[in-house]
Amino acid sequence: MLKIYNTLTRKKEEFVPLEAGKVKMYVCGPTVYNYIHIGNARSTVAFDTVRRYLEFRDYEVNFVSNFTDVDDKIIKAAKELSITAPEVADKFISAFYEDTSALGVEKATSNPRVMENMPDIIQFIEALIEKGYAYESAGDIYYRTRKFKNYGKLSNKTIDELEIGASNRLESSENERKEDPIDFALWKSAKADEISWESPWGQGRPGWHIECSVMATKYLGDTIDIHGGGQDLEFPHHENEIAQSEAKTGHPFANYWMHNGFVTIGAEDEKMSKSLGNFVLVHDMIKEVDPQILRFFMATTHYRRPIAYSGTAIEEAKVNLAKLKIAYENLHYRLSDSVLELPTDPSFFDKLTTIKEQFIVEMDDDFNAANGITVVYELAKMMNIYSEQKEVSKAVVEAMLGMLKELLTVFGIILEEETQLLDAHIEALLLERTEARAAKNFARSDEIRDLLKNEGIIIDDTPQGARWRRG
């Protein structure tokens, strides 16, 4: 039974979708004014892993994640780069797809953009005005926060707390335009030389919060199953989404709210962010580190826990992933001498069934990836032991290989046997080493092993003969 920790109720709840066998899932996407950093990628990878597990459990997932392509940061970047705001957005949306694809992230069912949904945004705001939840002031439109009775239910904040915070952080000029300091903007009147759209209230552009309410309800319906995002979005962004959406539709906005933990960096475990200048861009990292290692690093930690980013942590992920790949490659190597007719001990298949069941138990507990990957390590250990047997059953080998691939796919790790071609020089060394070992010339055999290691080729001597892999 799948259980999800619901931020709204602060407890784990049995997952019951609106429609049996189907999941409507919305995750807040990036503001596309720069390349994504590891902290941004953590959220993307976390919810891609959640989606993959839901699909592993045979749910049909309608996964929607937006691009914020209208924003102050985008306008600023456009000025700095001497291009238009849409050109900035196009550039970094392409970069997002490139970087996340390298990390094994599946494309969303839909990736709506603000610029493509402007009529819907205007209509949504008009509906809020008609219901008395929004008002115009000097070309801006604000949401009457106090009118929404349950405001603060997601973040457990009171109106009094919000009022003090709003008064302290807002400029007096903006406060003067508002009926109440805690009201927030739905529409902003246009400033000189900024991108804008025509509306019933004059030229302007939408506020940040309104876009997700519009796109989530437009593409998934008035009520959705799961809404996800980083912990930093819980307030005010997600709180405001709830207020806007439920005021307009009269229905609960999302049944389950999920929030992933931050990526931290440095001795003080400081949150990684562009504003603090302590970020590491994925675009740069994947040029130096195998993207699957970065994926493994992020996907195998429980999504609600923070991740401490460091060179040591990346190296640990590299070692652990390598162990799984070696277990796969060693057993795959035995396919060549496996026996189709070999009598098979039924206990092997029973063990595999138990492993899969245990994996589901762990992952059903709020997508506990850390415990889930521990079960996968047990499978790899079982594979290593079996690969050392004198005779192996083809049926057992194929079943083990298939299960490891299936379980690792949940984490976005795709295993393939080594198929890369070797150049003639390395092939000649491999052949010479085989001949040297046959002639018991172990000194030359060891010398060739070292030469191959320098070429990035690791030799494993097994009872079934030598095999190679790239180190």
# chains A, B, ... in the order shown; residues from 1 in each chain; ligands from 1

$ residues_around --residues "A:Ile242" --least-positions-apart "2" --cutoff "10 Å" --atoms "only C-alpha atoms" --output "count of residues only"
21

$ select_by_dssp --residues "stretch 298-467 of chain A" --states "helix (DSSP H, G or I)" --output "number ranges by chain"
A: 298-299, 311-337, 346-364, 369-387, 394-410, 424-438, 442-454

$ atom_distance --atom1 "atom CA of A:Leu335" --atom2 "atom CA of A:Glu391"
10.6 Å

$ select_by_dssp --residues "stretch 80-164 of chain A" --states "strand (DSSP E)" --output "ChimeraX atom specification"
/A:134-137,140-143

$ closest_residue --among "A:Leu324, A:Val61, A:Ile314, A:Val45" --to "A:Ala20" --atoms "only C-alpha atoms"
A:Val61

$ residues_around --residues "A:Val32" --least-positions-apart "5" --cutoff "12 Å" --atoms "only C-alpha atoms" --output "VMD selection string"
chain A and resid 37 40 66 to 78 85 to 97 113 to 114

$ write_last_selection --atoms "C-alpha atoms" --output "tab-separated table (two decimals), in the first residue's frame"
chain	number	residue	atom	x	y	z
A	37	HIS	CA	22.25	24.14	-10.79
A	40	ASN	CA	17.33	22.89	-9.15
A	66	ASN	CA	5.64	24.40	-16.21
A	67	PHE	CA	8.30	26.80	-17.41
A	68	THR	CA	8.22	30.29	-15.91
A	69	ASP	CA	9.21	32.28	-18.99
A	70	VAL	CA	7.97	35.72	-17.81
A	71	ASP	CA	9.80	37.06	-14.78
A	72	ASP	CA	11.93	39.95	-13.49
A	73	LYS	CA	15.04	37.76	-13.68
A	74	ILE	CA	14.35	36.91	-17.31
A	75	ILE	CA	13.82	40.57	-18.17
A	76	LYS	CA	17.10	41.43	-16.44
A	77	ALA	CA	18.95	38.65	-18.30
A	78	ALA	CA	17.49	39.86	-21.60
A	85	ALA	CA	12.88	37.94	-23.01
A	86	PRO	CA	11.36	35.18	-25.21
A	87	GLU	CA	14.82	34.52	-26.66
A	88	VAL	CA	16.27	34.17	-23.16
A	89	ALA	CA	13.50	31.71	-22.27
A	90	ASP	CA	13.97	29.69	-25.47
A	91	LYS	CA	17.72	29.45	-24.87
A	92	PHE	CA	17.45	28.15	-21.35
A	93	ILE	CA	14.47	25.88	-21.98
A	94	SER	CA	16.61	24.12	-24.58
A	95	ALA	CA	19.46	23.97	-22.07
A	96	PHE	CA	17.09	22.54	-19.44
A	97	TYR	CA	16.02	19.73	-21.75
A	113	ARG	CA	4.77	28.08	-20.72
A	114	VAL	CA	3.34	31.28	-19.27

$ closest_atom_pairs --of "stretch 249-351 of chain A" --to "stretch 384-388 of chain A" --cutoff "10 Å" --atoms "only C-alpha atoms" --output "JSON lines"
{"residue": "A:Lys323", "atom": "CA", "partner": "A:Asn384", "partner_atom": "CA", "distance": 9.9}
{"residue": "A:Leu324", "atom": "CA", "partner": "A:Asn384", "partner_atom": "CA", "distance": 9.7}
{"residue": "A:Ile326", "atom": "CA", "partner": "A:Asn384", "partner_atom": "CA", "distance": 8.8}
{"residue": "A:Ala327", "atom": "CA", "partner": "A:Asn384", "partner_atom": "CA", "distance": 5.6}
{"residue": "A:Tyr328", "atom": "CA", "partner": "A:Asn384", "partner_atom": "CA", "distance": 8.4}
{"residue": "A:Glu329", "atom": "CA", "partner": "A:Asn384", "partner_atom": "CA", "distance": 9.9}
{"residue": "A:Asn330", "atom": "CA", "partner": "A:Ser387", "partner_atom": "CA", "distance": 6.7}
{"residue": "A:Leu331", "atom": "CA", "partner": "A:Ser387", "partner_atom": "CA", "distance": 5.2}
{"residue": "A:His332", "atom": "CA", "partner": "A:Ser387", "partner_atom": "CA", "distance": 8.7}
{"residue": "A:Tyr333", "atom": "CA", "partner": "A:Ser387", "partner_atom": "CA", "distance": 8.7}
{"residue": "A:Arg334", "atom": "CA", "partner": "A:Ser387", "partner_atom": "CA", "distance": 6.7}
{"residue": "A:Leu335", "atom": "CA", "partner": "A:Ser387", "partner_atom": "CA", "distance": 9.7}
{"residue": "A:Phe348", "atom": "CA", "partner": "A:Tyr386", "partner_atom": "CA", "distance": 9.7}

$ write_last_selection --atoms "N, CA, C and O atoms" --output "tab-separated table (two decimals), in the first residue's frame"
chain	number	residue	atom	x	y	z
A	323	LYS	N	29.67	-0.62	-8.47
A	323	LYS	CA	29.44	-1.97	-7.93
A	323	LYS	C	28.23	-2.63	-8.59
A	323	LYS	O	28.25	-3.82	-8.90
A	324	LEU	N	27.18	-1.85	-8.79
A	324	LEU	CA	25.98	-2.39	-9.42
A	324	LEU	C	26.24	-2.72	-10.89
A	324	LEU	O	25.79	-3.76	-11.39
A	326	ILE	N	29.12	-3.46	-12.25
A	326	ILE	CA	30.03	-4.62	-12.34
A	326	ILE	C	29.26	-5.91	-12.08
A	326	ILE	O	29.48	-6.93	-12.75
A	327	ALA	N	28.34	-5.88	-11.11
A	327	ALA	CA	27.51	-7.07	-10.85
A	327	ALA	C	26.72	-7.44	-12.09
A	327	ALA	O	26.61	-8.63	-12.45
A	328	TYR	N	26.19	-6.44	-12.77
A	328	TYR	CA	25.43	-6.68	-14.00
A	328	TYR	C	26.35	-7.23	-15.11
A	328	TYR	O	26.02	-8.23	-15.76
A	329	GLU	N	27.50	-6.59	-15.28
A	329	GLU	CA	28.40	-6.99	-16.38
A	329	GLU	C	28.97	-8.39	-16.14
A	329	GLU	O	29.08	-9.19	-17.08
A	330	ASN	N	29.32	-8.69	-14.88
A	330	ASN	CA	29.87	-10.02	-14.59
A	330	ASN	C	28.86	-11.12	-14.87
A	330	ASN	O	29.21	-12.16	-15.43
A	331	LEU	N	27.61	-10.90	-14.47
A	331	LEU	CA	26.61	-11.93	-14.71
A	331	LEU	C	26.23	-11.98	-16.19
A	331	LEU	O	26.00	-13.06	-16.75
A	332	HIS	N	26.20	-10.81	-16.84
A	332	HIS	CA	25.89	-10.80	-18.27
A	332	HIS	C	26.95	-11.57	-19.06
A	332	HIS	O	26.65	-12.24	-20.06
A	333	TYR	N	28.19	-11.51	-18.59
A	333	TYR	CA	29.29	-12.24	-19.23
A	333	TYR	C	29.03	-13.74	-19.22
A	333	TYR	O	29.42	-14.46	-20.14
A	334	ARG	N	28.34	-14.22	-18.17
A	334	ARG	CA	28.07	-15.66	-18.05
A	334	ARG	C	26.99	-16.14	-19.00
A	334	ARG	O	26.80	-17.35	-19.14
A	335	LEU	N	26.28	-15.23	-19.63
A	335	LEU	CA	25.28	-15.67	-20.61
A	335	LEU	C	25.90	-16.53	-21.71
A	335	LEU	O	25.27	-17.44	-22.24
A	348	PHE	N	15.83	-19.88	-6.34
A	348	PHE	CA	16.38	-18.66	-6.93
A	348	PHE	C	15.26	-17.70	-7.33
A	348	PHE	O	15.33	-16.50	-7.08
